[in-house]
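Note sheet for the following structure.
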Amino acid sequence: MRQSQLFGKTTYEISKDEQSVNAQLLIRGGFIHKEMAGVYTYLPLGKRVLSKIEDIIREEIDAIGGQEILMPALQKKEDWKTTGRWGVDIMMKVKTFFNKEYGLGWTHEEVVTPLAKKYIKSYKDFPFFVYQIQTKFRSEKRAKSGILRGREFLMKDLYSFHINEEDLNKFYNKAKDAYFKIFDRVEIKDKTYLTFASGGAFSKYSHEFQTLTSAGEDIIYICNKCNIAVNREIIEDLKQSCPVCGNKNLKEKKAIETGNIFKLKTRFTEAFNFKFLDKNGKEDIVLMGCYGMGLSRLMGTIVELFNDENGIIWPKSIAPYQVHLVSIGKDERAIKESEKIYKSLQMEKIDVLYDNRNESAGVKFKDSDLIGIPLRIVISKKTLESNSVEIKKRDRDGFKLVGINKIVASIKRGDINNT
RNA sequence: CGGGGCGUAGCGUAACGGCUAACGCACUUGGUUUGGGACCAAGGGACUCCGGGUUCGAAUCCCGGCGCCCCGACCA
């Protein structure tokens, strides 16, 4: 992508209204645009990051047997009445000119349960797992913290269906592992704790995935022995101790909930009377689990975690581009060589953002820092004096020169992947 | 939903009862620049959030809306 043609712009100044770090950096970098409180447009750079997060999640959920579907955001009133959730205050509703009402989906049990019931009758078809990556609507009383708490946000929601508890438990643990794989791939695993939360009426605990950040809005209590945590709602019930080992020395930390998994058991299958026929031809109730993960929140969390005074520092796996090719100056040969490198990187199928703009070196470097692509190739008259380009890496350890490539027009995929 | 703060060009701000609403960034044109947010010159761009009031006169004061941010309650 030629930066001269990139839709969206970096800005130096930002309203003092915008106080959260993720909103500031993402807006300044031209990743997102705020439409209203809690509602954002994802510009090309932001959309690329979101898509990369989406790809990672899709891969890991597919790997545990998830089948992707896409359910409607516009939902039937009667199904919400069936579960008794039509009246919850989080639900947004729309009304037509003729006064017909619909709910806007903030979760999808009311859609997926009747849907599954329609297709599945026999024990032979269990277990099965369906998920979607879709926009959710929630009437948050207070949207805040940039894309950490929106009224409209992108979420992956997975639903599992089982004929017995043992099978549900088995999958529940698999989902847990898959979540940690996702956190690992976006480089926040070491800051993310499996956190015990209240399980409601049907199971003792549910689990949240809480990622430590000062921007977080939750308080969790970490057990360093077990490497797990407990959330605020159940800390008192547990008498301030770890539910696994009983350790009383829990550390209080701020965190953000980046995922949650929940054994729904029969909460929704009973409401919709979703039963299956077992081996003996006898009816029994289906068990369910649900597994959520907010993509836009994950993106915001990563920005909160990985930045410095100059801008965002994206993990390699979700950076909007793999390489930022920065061409400095108007020197004819430098421009010609930049074009050659740009084309050769494209031939190597490397995603490259090419700063071909007619801007000063300072502007280009500042923008590059802000956008936060971890690998930067700089080419200028100066580097060409030694027939080379600079390859610089900017990551959480700082900013350093990692190489000088002598043969300018022949940077290969390997050179990029190895740095 | 309670408390606090704030709404002036695309963005950041100034003017705080009195001439044509000012400045910086961004934008357009021409020129000089190009290794860390350059410079000169010339431009375009505003129903001062909306509605009502007070006043000879309102961006400025008052009332009512709406919107945005922060704190709290609630929540992925």
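Please note that chains go A, B, ... in the order of the structure tokens, that every chain numbers its residues from 1, and that ligands are numbered from 1 in the order shown.
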
Select, as a list in words, those residues of chain B with any atom no more than 8 Å from chain A (distances computed using only C-alpha atoms (C1' of nucleotides)).
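My answer is C1, C11, G12, C25, U34, G35, G36, G37, A38, C68, C69, C74, C75 and A76 of chain B.
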
Please identify all polymer residues within 12 Å of A14 (chain B), counting only C-alpha atoms (C1' of nucleotides), omitting same-chain residues fewer than 3 positions from it, and present them as a list in words.
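Everything that qualifies: U8, A21, A22, C23, G24 and A59 of chain B.
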
Would you write out those residues with C-alpha atoms (C1' of nucleotides), as an mmCIF file, in the first residue's frame?
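Done, and the output landed in out00.cif:
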data_model
loop_
_atom_site.group_PDB
_atom_site.id
_atom_site.type_symbol
_atom_site.label_atom_id
_atom_site.label_comp_id
_atom_site.auth_asym_id
_atom_site.auth_seq_id
_atom_site.Cartn_x
_atom_site.Cartn_y
_atom_site.Cartn_z
ATOM 1 C "C1'" U B 8 -16.090 28.249 18.844
ATOM 2 C "C1'" A B 21 -14.951 35.940 15.701
ATOM 3 C "C1'" A B 22 -8.414 35.534 16.205
ATOM 4 C "C1'" C B 23 -4.200 32.045 16.100
ATOM 5 C "C1'" G B 24 -1.635 27.223 15.227
ATOM 6 C "C1'" A B 59 -19.651 33.026 21.215
#

May I have the residues within 8 Å of Thr192 (chain A) as a ChimeraX atom specification, using only C-alpha atoms (C1' of nucleotides) and disregarding those fewer than 3 positions away in the same chain?
/A:183,188-189,209-212

Resulting file, chosen residues, C-alpha atoms, as a tab-separated table (two decimals), in the first residue's frame:
chain	number	residue	atom	x	y	z
A	183	PHE	CA	-3.60	-14.73	23.96
A	188	ILE	CA	-0.55	-10.96	26.05
A	189	LYS	CA	-0.59	-14.44	27.53
A	209	PHE	CA	-9.84	-14.17	31.12
A	210	GLN	CA	-8.49	-11.04	32.71
A	211	THR	CA	-5.56	-9.16	31.19
A	212	LEU	CA	-3.58	-6.93	33.52

Residue with smallest distance to Thr10 (chain A) - pool A:Cys223, A:Ala271, A:Leu298, A:Leu25, counting only C-alpha atoms
A:Leu25

Which polymer residues have any atom within 12 Å of an atom of Asn307 (chain A), counting only C-alpha atoms (C1' of nucleotides), with same-chain residues fewer than 5 positions away left out, as a PyMOL selection string?
chain A and resi 21-22+24-26+300-302+312-315+369-374+394-398

Print the selection's residues with C-alpha atoms to a file, as a CSV table (one decimal), in the first residue's frame.
chain,number,residue,atom,x,y,z
A,21,VAL,CA,-4.5,5.8,25.8
A,22,ASN,CA,-6.0,3.4,23.3
A,24,GLN,CA,-5.7,8.6,21.7
A,25,LEU,CA,-3.2,6.5,19.9
A,26,LEU,CA,-5.7,4.8,17.6
A,300,GLY,CA,-7.7,-1.8,22.6
A,301,THR,CA,-6.1,-3.8,25.3
A,302,ILE,CA,-3.1,-4.5,23.2
A,312,ILE,CA,1.8,2.1,19.3
A,313,ILE,CA,4.1,-1.0,19.2
A,314,TRP,CA,2.1,-3.7,17.6
A,315,PRO,CA,2.9,-7.4,18.1
A,369,ASP,CA,6.5,5.5,15.2
A,370,LEU,CA,2.9,6.3,15.8
A,371,ILE,CA,1.5,3.7,13.4
A,372,GLY,CA,3.7,1.1,15.1
A,373,ILE,CA,4.7,-1.4,12.4
A,374,PRO,CA,7.5,-3.3,14.1
A,394,ARG,CA,10.9,-1.2,17.0
A,395,ASP,CA,9.5,-3.4,19.7
A,396,ARG,CA,8.9,-3.4,23.5
A,397,ASP,CA,12.6,-3.6,24.1
A,398,GLY,CA,13.2,-0.3,22.2

To test your reading of the structure, identify every residue in region 157-373 of chain A that backbone DSSP assigns to strand (DSSP E or B), and report it as a count of residues only.
73

Within 7 Å of region 115-122 of chain A using only C-alpha atoms (C1' of nucleotides), minus same-chain residues under 2 positions, as an NGL selection string:
:A and (111-113 or 124-125 or 274 or 276-278)

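By chain and then residue number, the residues within 9 Å of region 243-251 of chain A are Phe196, Ile220, Tyr221, Ile222, Cys223, Asn224, Lys225, Cys226, Ile228, Ala229 and Val230 of chain A, counting only C-alpha atoms (C1' of nucleotides) and disregarding those fewer than 6 positions away in sequence.
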
Under the rule that only C-alpha atoms (C1' of nucleotides) are counted, which of B:U32, B:G43, B:G2, B:C61 is the nearest residue to C16 (chain B)?
B:C61

To one decimal in Å, tell me the separation between CA of Asp157 (chain A) and CA of Ile133 (chain A).
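Interatomic distance here is 6.6 Å.
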
Point-to-point distance in Å for CA of Glu78 (chain A) and CA of Lys100 (chain A)
11.7 Å

DSSP-assigned alpha helix (DSSP H) among region 77-130 of chain A, expressed as an mmCIF file with C-alpha atoms, in the first residue's frame:
data_model
loop_
_atom_site.group_PDB
_atom_site.id
_atom_site.type_symbol
_atom_site.label_atom_id
_atom_site.label_comp_id
_atom_site.auth_asym_id
_atom_site.auth_seq_id
_atom_site.Cartn_x
_atom_site.Cartn_y
_atom_site.Cartn_z
ATOM 1 C CA LYS A 77 -38.887 -10.428 20.227
ATOM 2 C CA GLU A 78 -40.737 -13.688 20.976
ATOM 3 C CA ASP A 79 -37.533 -15.674 21.462
ATOM 4 C CA TRP A 80 -36.303 -13.143 23.992
ATOM 5 C CA LYS A 81 -39.654 -13.352 25.749
ATOM 6 C CA THR A 82 -39.232 -17.123 25.868
ATOM 7 C CA THR A 83 -36.084 -16.817 27.970
ATOM 8 C CA GLU A 109 -28.336 -17.771 22.918
ATOM 9 C CA GLU A 110 -31.849 -16.780 21.848
ATOM 10 C CA VAL A 111 -30.897 -17.315 18.222
ATOM 11 C CA VAL A 112 -28.511 -20.233 18.360
ATOM 12 C CA THR A 113 -30.593 -22.458 20.637
ATOM 13 C CA PRO A 114 -33.763 -22.548 18.480
ATOM 14 C CA LEU A 115 -31.508 -22.764 15.433
ATOM 15 C CA ALA A 116 -29.686 -25.833 16.730
ATOM 16 C CA LYS A 117 -32.961 -27.405 17.806
ATOM 17 C CA LYS A 118 -34.234 -27.115 14.255
ATOM 18 C CA TYR A 119 -31.418 -29.237 12.854
#

Provide the CA of Lys392 (chain A) to CA of Gln5 (chain A) distance in Å, to one decimal place.
23.8 Å
